[in-house]
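> Data file upload-v7.cif (mmCIF, C-alpha atoms (C1' of nucleotides)) is appended below.
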```
data_target
#
loop_
_atom_site.group_PDB
_atom_site.id
_atom_site.type_symbol
_atom_site.label_atom_id
_atom_site.label_comp_id
_atom_site.auth_asym_id
_atom_site.auth_seq_id
_atom_site.Cartn_x
_atom_site.Cartn_y
_atom_site.Cartn_z
ATOM 1 C CA MET I 1 6.430 195.493 -58.399
ATOM 2 C CA PRO I 2 7.469 195.992 -54.815
ATOM 3 C CA GLU I 3 9.846 198.866 -54.135
ATOM 4 C CA LEU I 4 10.602 200.393 -50.741
ATOM 5 C CA PRO I 5 7.083 201.804 -50.083
ATOM 6 C CA GLU I 6 5.386 198.545 -51.048
ATOM 7 C CA VAL I 7 7.767 196.494 -48.889
ATOM 8 C CA GLU I 8 7.151 198.889 -45.987
ATOM 9 C CA THR I 9 3.400 198.403 -46.449
ATOM 10 C CA VAL I 10 3.863 194.620 -46.402
ATOM 11 C CA ARG I 11 5.986 194.898 -43.261
ATOM 12 C CA ASN I 12 3.426 197.028 -41.433
ATOM 13 C CA THR I 13 0.592 194.710 -42.415
ATOM 14 C CA LEU I 14 2.449 191.565 -41.435
ATOM 15 C CA LYS I 15 3.600 193.011 -38.108
ATOM 16 C CA THR I 16 0.020 193.300 -36.951
ATOM 17 C CA LEU I 17 -0.751 189.751 -38.070
ATOM 18 C CA ILE I 18 2.150 187.428 -37.265
ATOM 19 C CA VAL I 19 4.509 188.896 -34.653
ATOM 20 C CA GLY I 20 4.459 186.615 -31.602
ATOM 21 C CA LYS I 21 3.317 183.556 -33.533
ATOM 22 C CA GLU I 22 5.263 180.288 -33.378
ATOM 23 C CA ILE I 23 6.169 178.187 -36.426
ATOM 24 C CA ARG I 24 4.793 174.635 -36.281
ATOM 25 C CA ASP I 25 5.855 173.527 -39.767
ATOM 26 C CA ILE I 26 6.972 174.822 -43.160
ATOM 27 C CA ASP I 27 6.306 173.568 -46.686
ATOM 28 C CA VAL I 28 8.655 174.607 -49.481
ATOM 29 C CA TYR I 29 7.324 173.921 -52.975
ATOM 30 C CA TYR I 30 10.021 175.763 -54.935
ATOM 31 C CA GLU I 31 13.396 174.936 -53.437
ATOM 32 C CA LYS I 32 15.449 177.410 -55.522
ATOM 33 C CA MET I 33 13.764 180.226 -53.616
ATOM 34 C CA ILE I 34 15.805 179.311 -50.517
ATOM 35 C CA ARG I 35 19.266 180.478 -51.497
ATOM 36 C CA ASN I 36 21.824 179.907 -48.791
ATOM 37 C CA ARG I 37 20.427 176.809 -47.053
ATOM 38 C CA GLU I 38 19.160 173.365 -47.976
ATOM 39 C CA VAL I 39 15.405 173.125 -47.459
ATOM 40 C CA ASP I 40 15.726 170.715 -44.519
ATOM 41 C CA GLU I 41 18.207 173.033 -42.843
ATOM 42 C CA PHE I 42 15.929 176.023 -43.522
ATOM 43 C CA LYS I 43 12.978 174.285 -41.887
ATOM 44 C CA LYS I 44 15.007 173.031 -38.942
ATOM 45 C CA ALA I 45 16.299 176.534 -38.248
ATOM 46 C CA LEU I 46 12.808 178.053 -38.048
ATOM 47 C CA ILE I 47 10.389 175.393 -36.782
ATOM 48 C CA GLY I 48 9.613 175.902 -33.104
ATOM 49 C CA LYS I 49 10.667 179.540 -33.153
ATOM 50 C CA LYS I 50 8.545 182.644 -32.670
ATOM 51 C CA ILE I 51 8.540 185.726 -34.860
ATOM 52 C CA ILE I 52 9.886 188.466 -32.600
ATOM 53 C CA ASP I 53 9.841 191.350 -35.066
ATOM 54 C CA ILE I 54 9.781 192.266 -38.740
ATOM 55 C CA ASP I 55 12.213 194.875 -40.032
ATOM 56 C CA ARG I 56 12.950 196.280 -43.464
ATOM 57 C CA TYR I 57 16.004 197.713 -45.169
ATOM 58 C CA GLY I 58 15.756 198.905 -48.748
ATOM 59 C CA LYS I 59 13.563 196.355 -50.466
ATOM 60 C CA TYR I 60 14.453 193.521 -48.064
ATOM 61 C CA LEU I 61 12.111 192.212 -45.394
ATOM 62 C CA ILE I 62 13.910 190.920 -42.304
ATOM 63 C CA PHE I 63 11.925 188.483 -40.123
ATOM 64 C CA ASN I 64 13.498 187.983 -36.701
ATOM 65 C CA PHE I 65 12.914 184.401 -35.520
ATOM 66 C CA GLU I 66 14.424 184.568 -32.028
ATOM 67 C CA GLY I 67 17.882 185.464 -33.323
ATOM 68 C CA THR I 68 17.645 183.849 -36.749
ATOM 69 C CA ALA I 69 16.912 186.313 -39.537
ATOM 70 C CA LEU I 70 14.881 185.288 -42.548
ATOM 71 C CA ILE I 71 15.753 187.817 -45.237
ATOM 72 C CA SER I 72 13.080 187.940 -47.909
ATOM 73 C CA HIS I 73 13.225 189.823 -51.203
ATOM 74 C CA LEU I 74 9.948 190.016 -53.119
ATOM 75 C CA ARG I 75 11.631 190.906 -56.437
ATOM 76 C CA MET I 76 8.982 191.409 -59.098
ATOM 77 C CA GLU I 77 5.765 189.886 -57.860
ATOM 78 C CA GLY I 78 6.338 188.369 -54.435
ATOM 79 C CA LYS I 79 3.491 188.681 -51.923
ATOM 80 C CA TYR I 80 2.639 187.344 -48.480
ATOM 81 C CA PHE I 81 -0.863 186.212 -47.604
ATOM 82 C CA PHE I 82 -2.211 185.387 -44.150
ATOM 83 C CA LYS I 83 -4.747 182.557 -44.348
ATOM 84 C CA ASP I 84 -6.527 179.888 -42.360
ATOM 85 C CA LEU I 85 -5.081 176.372 -42.346
ATOM 86 C CA ASP I 86 -7.941 174.871 -44.337
ATOM 87 C CA GLU I 87 -7.758 177.306 -47.245
ATOM 88 C CA LYS I 88 -6.749 175.599 -50.471
ATOM 89 C CA LYS I 89 -3.163 176.029 -51.692
ATOM 90 C CA GLU I 90 -3.005 178.310 -54.707
ATOM 91 C CA LYS I 91 -0.872 177.652 -57.759
ATOM 92 C CA HIS I 92 1.794 180.253 -57.035
ATOM 93 C CA GLU I 93 2.183 179.677 -53.287
ATOM 94 C CA HIS I 94 5.779 178.483 -53.027
ATOM 95 C CA VAL I 95 6.467 178.593 -49.274
ATOM 96 C CA ILE I 96 3.857 178.065 -46.535
ATOM 97 C CA PHE I 97 4.575 178.741 -42.860
ATOM 98 C CA TYR I 98 2.173 176.964 -40.485
ATOM 99 C CA PHE I 99 1.665 178.583 -37.082
ATOM 100 C CA THR I 100 0.780 176.712 -33.887
ATOM 101 C CA ASP I 101 -2.539 178.597 -33.664
ATOM 102 C CA GLY I 102 -3.873 177.184 -36.938
ATOM 103 C CA LYS I 103 -3.094 180.187 -39.131
ATOM 104 C CA THR I 104 -0.691 180.206 -42.079
ATOM 105 C CA LEU I 105 1.578 182.685 -43.845
ATOM 106 C CA ARG I 106 1.920 181.969 -47.565
ATOM 107 C CA TYR I 107 4.571 183.341 -49.909
ATOM 108 C CA ASN I 108 3.047 183.747 -53.349
ATOM 109 C CA ASP I 109 5.208 184.634 -56.352
ATOM 110 C CA THR I 110 3.929 184.221 -59.899
ATOM 111 C CA ARG I 111 7.336 184.548 -61.498
ATOM 112 C CA LYS I 112 9.393 182.794 -58.816
ATOM 113 C CA PHE I 113 11.971 185.608 -58.718
ATOM 114 C CA GLY I 114 11.741 186.164 -54.973
ATOM 115 C CA THR I 115 14.472 184.929 -52.640
ATOM 116 C CA MET I 116 14.852 183.889 -49.001
ATOM 117 C CA ASP I 117 18.097 183.696 -47.029
ATOM 118 C CA LEU I 118 18.839 182.765 -43.432
ATOM 119 C CA TYR I 119 21.441 184.574 -41.328
ATOM 120 C CA ASP I 120 22.187 185.120 -37.688
ATOM 121 C CA ILE I 121 20.398 188.339 -36.729
ATOM 122 C CA ASN I 122 23.745 189.866 -35.750
ATOM 123 C CA ASP I 123 25.149 189.217 -39.242
ATOM 124 C CA VAL I 124 22.345 190.855 -41.231
ATOM 125 C CA TYR I 125 24.130 194.167 -41.703
ATOM 126 C CA ASP I 126 27.626 192.606 -42.008
ATOM 127 C CA LYS I 127 27.321 189.447 -44.091
ATOM 128 C CA SER I 128 23.884 189.143 -45.669
ATOM 129 C CA PRO I 129 22.697 190.683 -48.974
ATOM 130 C CA VAL I 130 21.468 193.627 -46.886
ATOM 131 C CA SER I 131 25.091 194.511 -46.095
ATOM 132 C CA LYS I 132 25.805 195.226 -49.757
ATOM 133 C CA ILE I 133 23.238 197.937 -50.316
ATOM 134 C CA GLY I 134 23.658 201.683 -49.859
ATOM 135 C CA TYR I 135 21.892 204.155 -47.606
ATOM 136 C CA GLU I 136 18.187 204.778 -47.872
ATOM 137 C CA PRO I 137 17.219 208.312 -48.935
ATOM 138 C CA PHE I 138 15.835 208.993 -45.418
ATOM 139 C CA GLU I 139 19.154 208.405 -43.680
ATOM 140 C CA LYS I 140 21.237 211.360 -42.562
ATOM 141 C CA GLU I 141 24.247 209.952 -44.408
ATOM 142 C CA MET I 142 22.406 210.202 -47.739
ATOM 143 C CA THR I 143 23.276 213.748 -48.778
ATOM 144 C CA GLY I 144 23.835 215.484 -52.077
ATOM 145 C CA LYS I 145 27.569 215.369 -51.380
ATOM 146 C CA TYR I 146 27.458 211.596 -50.726
ATOM 147 C CA LEU I 147 25.564 210.994 -53.957
ATOM 148 C CA MET I 148 27.939 213.215 -55.922
ATOM 149 C CA ASP I 149 30.958 211.347 -54.527
ATOM 150 C CA LYS I 150 29.400 207.967 -55.286
ATOM 151 C CA LEU I 151 28.544 208.936 -58.855
ATOM 152 C CA SER I 152 31.649 210.964 -59.659
ATOM 153 C CA LYS I 153 33.197 208.098 -61.637
ATOM 154 C CA LYS I 154 29.957 206.755 -63.096
ATOM 155 C CA SER I 155 29.397 207.446 -66.764
ATOM 156 C CA ILE I 156 26.212 205.351 -66.889
ATOM 157 C CA ALA I 157 22.791 206.978 -67.245
ATOM 158 C CA ILE I 158 21.527 208.692 -64.082
ATOM 159 C CA LYS I 159 18.453 206.459 -64.207
ATOM 160 C CA SER I 160 20.615 203.314 -64.098
ATOM 161 C CA ALA I 161 22.685 204.782 -61.264
ATOM 162 C CA LEU I 162 19.611 205.504 -59.142
ATOM 163 C CA LEU I 163 18.425 201.926 -59.675
ATOM 164 C CA ASP I 164 21.743 200.624 -58.344
ATOM 165 C CA GLN I 165 20.915 199.479 -54.797
ATOM 166 C CA THR I 166 24.566 199.611 -53.739
ATOM 167 C CA ILE I 167 24.412 203.392 -54.242
ATOM 168 C CA ILE I 168 20.934 204.265 -52.977
ATOM 169 C CA ALA I 169 18.576 201.706 -51.433
ATOM 170 C CA GLY I 170 14.887 201.390 -52.095
ATOM 171 C CA LEU I 171 14.253 203.055 -55.443
ATOM 172 C CA GLY I 172 12.899 200.940 -58.302
ATOM 173 C CA ASN I 173 11.783 201.645 -61.815
ATOM 174 C CA ILE I 174 8.556 203.450 -60.901
ATOM 175 C CA TYR I 175 9.926 205.824 -58.290
ATOM 176 C CA VAL I 176 13.153 206.612 -60.175
ATOM 177 C CA ASP I 177 11.061 207.936 -63.065
ATOM 178 C CA GLU I 178 9.080 210.099 -60.640
ATOM 179 C CA VAL I 179 12.172 211.362 -58.808
ATOM 180 C CA LEU I 180 13.866 212.310 -62.092
ATOM 181 C CA PHE I 181 10.733 214.135 -63.243
ATOM 182 C CA LEU I 182 10.446 216.146 -60.026
ATOM 183 C CA SER I 183 14.167 216.903 -60.224
ATOM 184 C CA LYS I 184 13.819 218.034 -63.865
ATOM 185 C CA ILE I 185 16.581 215.649 -64.954
ATOM 186 C CA HIS I 186 16.528 213.656 -68.184
ATOM 187 C CA PRO I 187 16.948 209.916 -67.461
ATOM 188 C CA THR I 188 19.689 209.305 -70.050
ATOM 189 C CA LEU I 189 22.093 212.010 -68.861
ATOM 190 C CA LYS I 190 25.359 210.711 -67.420
ATOM 191 C CA ALA I 191 25.358 210.128 -63.670
ATOM 192 C CA ASN I 192 28.555 212.152 -63.186
ATOM 193 C CA SER I 193 27.468 215.147 -65.237
ATOM 194 C CA PHE I 194 25.685 217.175 -62.558
ATOM 195 C CA GLU I 195 26.434 219.808 -59.960
ATOM 196 C CA LEU I 196 26.016 219.472 -56.211
ATOM 197 C CA ALA I 197 22.659 221.256 -56.296
ATOM 198 C CA ASP I 198 21.327 218.613 -58.705
ATOM 199 C CA TYR I 199 22.373 215.735 -56.459
ATOM 200 C CA LYS I 200 20.822 217.517 -53.489
ATOM 201 C CA ARG I 201 17.597 217.852 -55.468
ATOM 202 C CA LEU I 202 17.652 214.133 -56.305
ATOM 203 C CA VAL I 203 18.007 213.187 -52.643
ATOM 204 C CA LYS I 204 15.313 215.631 -51.579
ATOM 205 C CA ASN I 205 12.867 214.369 -54.197
ATOM 206 C CA SER I 206 13.654 210.714 -53.417
ATOM 207 C CA VAL I 207 12.622 211.370 -49.826
ATOM 208 C CA LYS I 208 9.551 213.275 -50.951
ATOM 209 C CA VAL I 209 8.366 210.579 -53.384
ATOM 210 C CA LEU I 210 9.067 207.637 -51.060
ATOM 211 C CA ASN I 211 7.483 209.294 -48.025
ATOM 212 C CA LYS I 212 4.326 210.068 -49.940
ATOM 213 C CA ALA I 213 4.211 206.574 -51.440
ATOM 214 C CA VAL I 214 4.657 204.960 -47.996
ATOM 215 C CA LYS I 215 1.852 207.140 -46.667
ATOM 216 C CA LEU I 216 -0.440 205.983 -49.485
ATOM 217 C CA GLY I 217 0.472 202.305 -49.129
ATOM 218 C CA GLY I 218 2.638 202.086 -52.234
ATOM 219 C CA THR I 219 1.733 201.826 -55.886
ATOM 220 C CA THR I 220 -0.570 199.249 -57.427
ATOM 221 C CA ILE I 221 0.471 198.585 -61.015
ATOM 222 C CA ARG I 222 -0.128 195.245 -62.709
ATOM 223 C CA SER I 223 -0.071 192.557 -60.065
ATOM 224 C CA TYR I 224 1.264 194.144 -56.904
ATOM 225 C CA THR I 225 -0.815 193.957 -53.740
ATOM 226 C CA SER I 226 0.428 193.651 -50.182
ATOM 227 C CA SER I 227 -0.751 191.018 -47.717
ATOM 228 C CA LEU I 228 -4.509 190.440 -47.620
ATOM 229 C CA GLY I 229 -4.760 191.959 -51.080
ATOM 230 C CA VAL I 230 -4.324 195.511 -49.773
ATOM 231 C CA THR I 231 -3.766 197.857 -52.716
ATOM 232 C CA GLY I 232 -1.748 201.060 -52.683
ATOM 233 C CA ARG I 233 -2.957 204.432 -53.889
ATOM 234 C CA PHE I 234 0.239 206.128 -55.091
ATOM 235 C CA GLN I 235 -0.544 205.212 -58.717
ATOM 236 C CA ASN I 236 -3.003 208.127 -58.602
ATOM 237 C CA GLU I 237 -0.107 210.460 -57.809
ATOM 238 C CA LEU I 238 2.227 209.432 -60.637
ATOM 239 C CA PHE I 239 3.405 212.225 -62.948
ATOM 240 C CA VAL I 240 5.140 210.211 -65.673
ATOM 241 C CA HIS I 241 5.454 206.472 -64.993
ATOM 242 C CA THR I 242 2.995 204.572 -67.239
ATOM 243 C CA LYS I 243 1.685 207.939 -68.514
ATOM 244 C CA GLN I 244 2.960 207.575 -72.084
ATOM 245 C CA GLY I 245 0.822 209.680 -74.429
ATOM 246 C CA ASP I 246 -0.756 211.656 -71.589
ATOM 247 C CA SER I 247 -0.156 215.384 -71.142
ATOM 248 C CA CYS I 248 2.428 216.499 -68.593
ATOM 249 C CA LEU I 249 0.594 217.931 -65.573
ATOM 250 C CA VAL I 250 3.165 220.734 -65.379
ATOM 251 C CA CYS I 251 3.642 221.888 -68.990
ATOM 252 C CA ASN I 252 1.074 219.948 -71.031
ATOM 253 C CA THR I 253 3.754 218.324 -73.242
ATOM 254 C CA GLU I 254 3.149 214.694 -74.215
ATOM 255 C CA ILE I 255 4.853 212.188 -71.915
ATOM 256 C CA LEU I 256 7.231 209.916 -73.831
ATOM 257 C CA LYS I 257 8.497 206.405 -73.200
ATOM 258 C CA THR I 258 11.983 205.190 -73.995
ATOM 259 C CA LYS I 259 14.355 202.474 -72.792
ATOM 260 C CA VAL I 260 17.322 203.058 -70.545
ATOM 261 C CA ASN I 261 19.475 199.955 -70.179
ATOM 262 C CA GLY I 262 16.484 197.845 -71.106
ATOM 263 C CA ARG I 263 14.168 199.435 -68.545
ATOM 264 C CA GLY I 264 10.944 201.075 -69.641
ATOM 265 C CA THR I 265 11.417 204.777 -68.866
ATOM 266 C CA TYR I 266 8.826 207.563 -68.892
ATOM 267 C CA TYR I 267 9.675 211.272 -68.985
ATOM 268 C CA CYS I 268 8.507 214.694 -70.077
ATOM 269 C CA PRO I 269 10.781 215.965 -72.881
ATOM 270 C CA SER I 270 10.022 219.555 -71.950
ATOM 271 C CA CYS I 271 10.455 219.441 -68.160
ATOM 272 C CA GLN I 272 13.402 217.028 -68.432
ATOM 273 C CA LYS I 273 15.724 218.491 -71.062
ATOM 274 C CA GLU I 274 18.233 216.197 -72.739
ATOM 275 C CA LEU I 275 20.681 219.057 -73.356
ATOM 276 C "C1'" DG O 1 36.822 198.881 -61.476
ATOM 277 C "C1'" DT O 2 33.309 199.660 -64.859
ATOM 278 C "C1'" DG O 3 29.577 198.838 -67.948
ATOM 279 C "C1'" DA O 4 26.873 195.934 -70.987
ATOM 280 C "C1'" DC O 5 24.398 191.948 -71.432
ATOM 281 C "C1'" DC O 6 21.955 187.826 -70.086
ATOM 282 C "C1'" DA O 7 19.341 184.429 -67.210
ATOM 283 C "C1'" DC O 8 15.941 183.724 -64.047
ATOM 284 C "C1'" DC O 9 10.382 183.193 -64.619
ATOM 285 C "C1'" DT O 10 5.306 183.451 -66.030
ATOM 286 C "C1'" DG O 11 1.189 185.867 -67.546
ATOM 287 C "C1'" DG O 12 -0.632 189.126 -70.614
ATOM 288 C "C1'" DC O 13 -0.904 190.963 -74.966
ATOM 289 C "C1'" DC O 14 -0.556 191.173 -79.906
ATOM 290 C "C1'" DG O 15 -0.398 189.569 -84.629
ATOM 291 C "C1'" DC O 16 -1.162 185.922 -87.675
ATOM 292 C "C1'" DT D 1 -9.435 179.568 -81.242
ATOM 293 C "C1'" DG D 2 -4.724 178.527 -80.926
ATOM 294 C "C1'" DC D 3 -0.076 179.397 -81.458
ATOM 295 C "C1'" DG D 4 4.373 181.854 -81.318
ATOM 296 C "C1'" DG D 5 6.860 185.802 -80.064
ATOM 297 C "C1'" DC D 6 7.574 189.713 -77.312
ATOM 298 C "C1'" DC D 7 7.409 192.389 -73.082
ATOM 299 C "C1'" DA D 8 7.518 193.421 -68.155
ATOM 300 C "C1'" DG D 9 11.705 194.075 -64.585
ATOM 301 C "C1'" DG D 10 15.261 193.416 -59.707
ATOM 302 C "C1'" DT D 11 19.201 191.187 -59.025
ATOM 303 C "C1'" DG D 12 23.345 188.480 -59.626
ATOM 304 C "C1'" DG D 13 26.621 186.483 -62.634
ATOM 305 C "C1'" DT D 14 29.655 186.673 -66.603
ATOM 306 C "C1'" DC D 15 32.447 188.801 -69.876
ATOM 307 C "C1'" DA D 16 35.043 192.397 -72.297
#
```
Since I need it in another form, could you write the structure as structure tokens?

Amino acid sequence: MPELPEVETVRNTLKTLIVGKEIRDIDVYYEKMIRNREVDEFKKALIGKKIIDIDRYGKYLIFNFEGTALISHLRMEGKYFFKDLDEKKEKHEHVIFYFTDGKTLRYNDTRKFGTMDLYDINDVYDKSPVSKIGYEPFEKEMTGKYLMDKLSKKSIAIKSALLDQTIIAGLGNIYVDEVLFLSKIHPTLKANSFELADYKRLVKNSVKVLNKAVKLGGTTIRSYTSSLGVTGRFQNELFVHTKQGDSCLVCNTEILKTKVNGRGTYYCPSCQKEL
DNA sequence: GTGACCACCTGGCCGC
DNA sequence: TGCGGCCAGGTGGTCA
């Protein structure tokens, strides 16, 4: 499932393929995917425009169509594929962008959770869904002090807090498990129960995990692949996520799986003490 | 304001 | 083999 590293991989792949191309037509097969516009309005806003750039913030992809921003969230299983015009439409292709040069960009989403919104490019960081999310771990504003302030009144589990995109942008279920393991923090402990040094460690390890995952093209678990079926390699670097029953690479204790707020959660009971 | 829960979706897996 | 039930999970909405 695409988290920040996977979305960054998609962005980098797509940039090399579609920037500069002009939209000739668009087919929308699943209208609910387009959230803040009627389909006709969505098409009208984009047809005839060129893709100037593709940006990313958190898990959102931001396509710049000459001043109109298409904000795309891949949610669980969203993918983009770059194909020739004559290739047959697949079952889960819900939006197809036709370019003037005969190529197509196809949004494929098995579970139809993905979303697309249109905003003026100047409103992306003020009015769109992107405006509601917190800093990414890489940003200078994301410090241990910031995280401690944000979580000071949160009595929810630290795992749930780190999944909250309004607090910290980009982490999903896989990477939160890895960050908590590296930080030696048990996932069910209360978010406001730590000291400054712990929050600093969480920020530091978030950067470490995400940077490494971006470098390796993300994580391929279950169905995730980026455009053109590119698969990531970070799954080979995972310490705990999906490792239930395996031995901890640090202390040899068996990795356990539990649920935190309904999310499958993997941890080492020895390295990550419940206290 | 906060936290818990549910809906959205479909494919894969398991037990019968 | 076929069927039903459960699980996976990011986000937004609802409710207490």
> Check which residues of chain O sit at most 10 Å from segment 139-163 of chain I using only C-alpha atoms (C1' of nucleotides), and return one row each with the closest pair of atoms and their distance in Å to one decimal, ordered by chain and rising number, as JSON lines.

```
{"residue": "O:DG1", "atom": "C1'", "partner": "I:Lys153", "partner_atom": "CA", "distance": 9.9}
{"residue": "O:DT2", "atom": "C1'", "partner": "I:Lys154", "partner_atom": "CA", "distance": 8.0}
{"residue": "O:DG3", "atom": "C1'", "partner": "I:Ile156", "partner_atom": "CA", "distance": 7.4}
```
> Should the cut-off be 12 Å, what would the residue list for chain I against chain O look like, counting all atoms listed in the file, as an MDAnalysis selection string?
chainID I and resid 32:33 75:77 91:92 109:115 153:157 160:161 222:223 260:262
> Check what the PyMOL selection byres ((chain D) within 12 of (chain I)) selects in the file above and give those residues as a PyMOL selection string.
chain D and resi 7-12
> With C-alpha atoms (C1' of nucleotides) retained, write the just-selected residues as a compact mmCIF listing (two decimals), in the coordinates of the input.

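The file below, result-v6.txt, is the result:
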```txt
# COMPACT_ATOMS: atom_id res chain seq x y z
C1' DC D 7 7.41 192.39 -73.08
C1' DA D 8 7.52 193.42 -68.16
C1' DG D 9 11.70 194.08 -64.58
C1' DG D 10 15.26 193.42 -59.71
C1' DT D 11 19.20 191.19 -59.02
C1' DG D 12 23.34 188.48 -59.63
```
> Under the rule that all atoms listed in the file are counted, which of I:Gln272, I:Asn64, I:Ser131, I:Asn192 is the nearest residue to Val179 of chain I?
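Closest candidate: I:Gln272.
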> Find the spatial neighbours of Pro137 of chain I, counting all atoms listed in the file, within a cut-off of 10 Å - ignore same-chain residues fewer than 3 positions away - and output them as a PDB file with C-alpha atoms, in the frame of the given file.

```pdb
ATOM      1  CA  GLY I  58      15.756 198.905 -48.748  1.00  0.00           C
ATOM      2  CA  GLY I 134      23.658 201.683 -49.859  1.00  0.00           C
ATOM      3  CA  LYS I 140      21.237 211.360 -42.562  1.00  0.00           C
ATOM      4  CA  GLU I 141      24.247 209.952 -44.408  1.00  0.00           C
ATOM      5  CA  MET I 142      22.406 210.202 -47.739  1.00  0.00           C
ATOM      6  CA  THR I 143      23.276 213.748 -48.778  1.00  0.00           C
ATOM      7  CA  ILE I 168      20.934 204.265 -52.977  1.00  0.00           C
ATOM      8  CA  ALA I 169      18.576 201.706 -51.433  1.00  0.00           C
ATOM      9  CA  GLY I 170      14.887 201.390 -52.095  1.00  0.00           C
ATOM     10  CA  LEU I 171      14.253 203.055 -55.443  1.00  0.00           C
ATOM     11  CA  LEU I 202      17.652 214.133 -56.305  1.00  0.00           C
ATOM     12  CA  VAL I 203      18.007 213.187 -52.643  1.00  0.00           C
ATOM     13  CA  LYS I 204      15.313 215.631 -51.579  1.00  0.00           C
ATOM     14  CA  ASN I 205      12.867 214.369 -54.197  1.00  0.00           C
ATOM     15  CA  SER I 206      13.654 210.714 -53.417  1.00  0.00           C
ATOM     16  CA  VAL I 207      12.622 211.370 -49.826  1.00  0.00           C
ATOM     17  CA  LYS I 208       9.551 213.275 -50.951  1.00  0.00           C
ATOM     18  CA  LEU I 210       9.067 207.637 -51.060  1.00  0.00           C
ATOM     19  CA  ASN I 211       7.483 209.294 -48.025  1.00  0.00           C
TER      20      ASN I 211
END
```
> One decimal, Å: what's the distance from atom CA of Ile52 of chain I over to atom CA of Gly20 of chain I, could you say?
5.8 Å
> Name all residues at most 12 Å from Lys212 of chain I (count only C-alpha atoms (C1' of nucleotides); drop same-chain ones fewer than 4 positions away) and give them as a VMD selection string.
chain I and resid 4 to 6 175 178 to 179 205 to 208 216 to 219 232 to 238
> Atom CA of Lys50 of chain I to atom CA of Glu66 of chain I: how many Å, to one decimal?
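The value is 6.2 Å.
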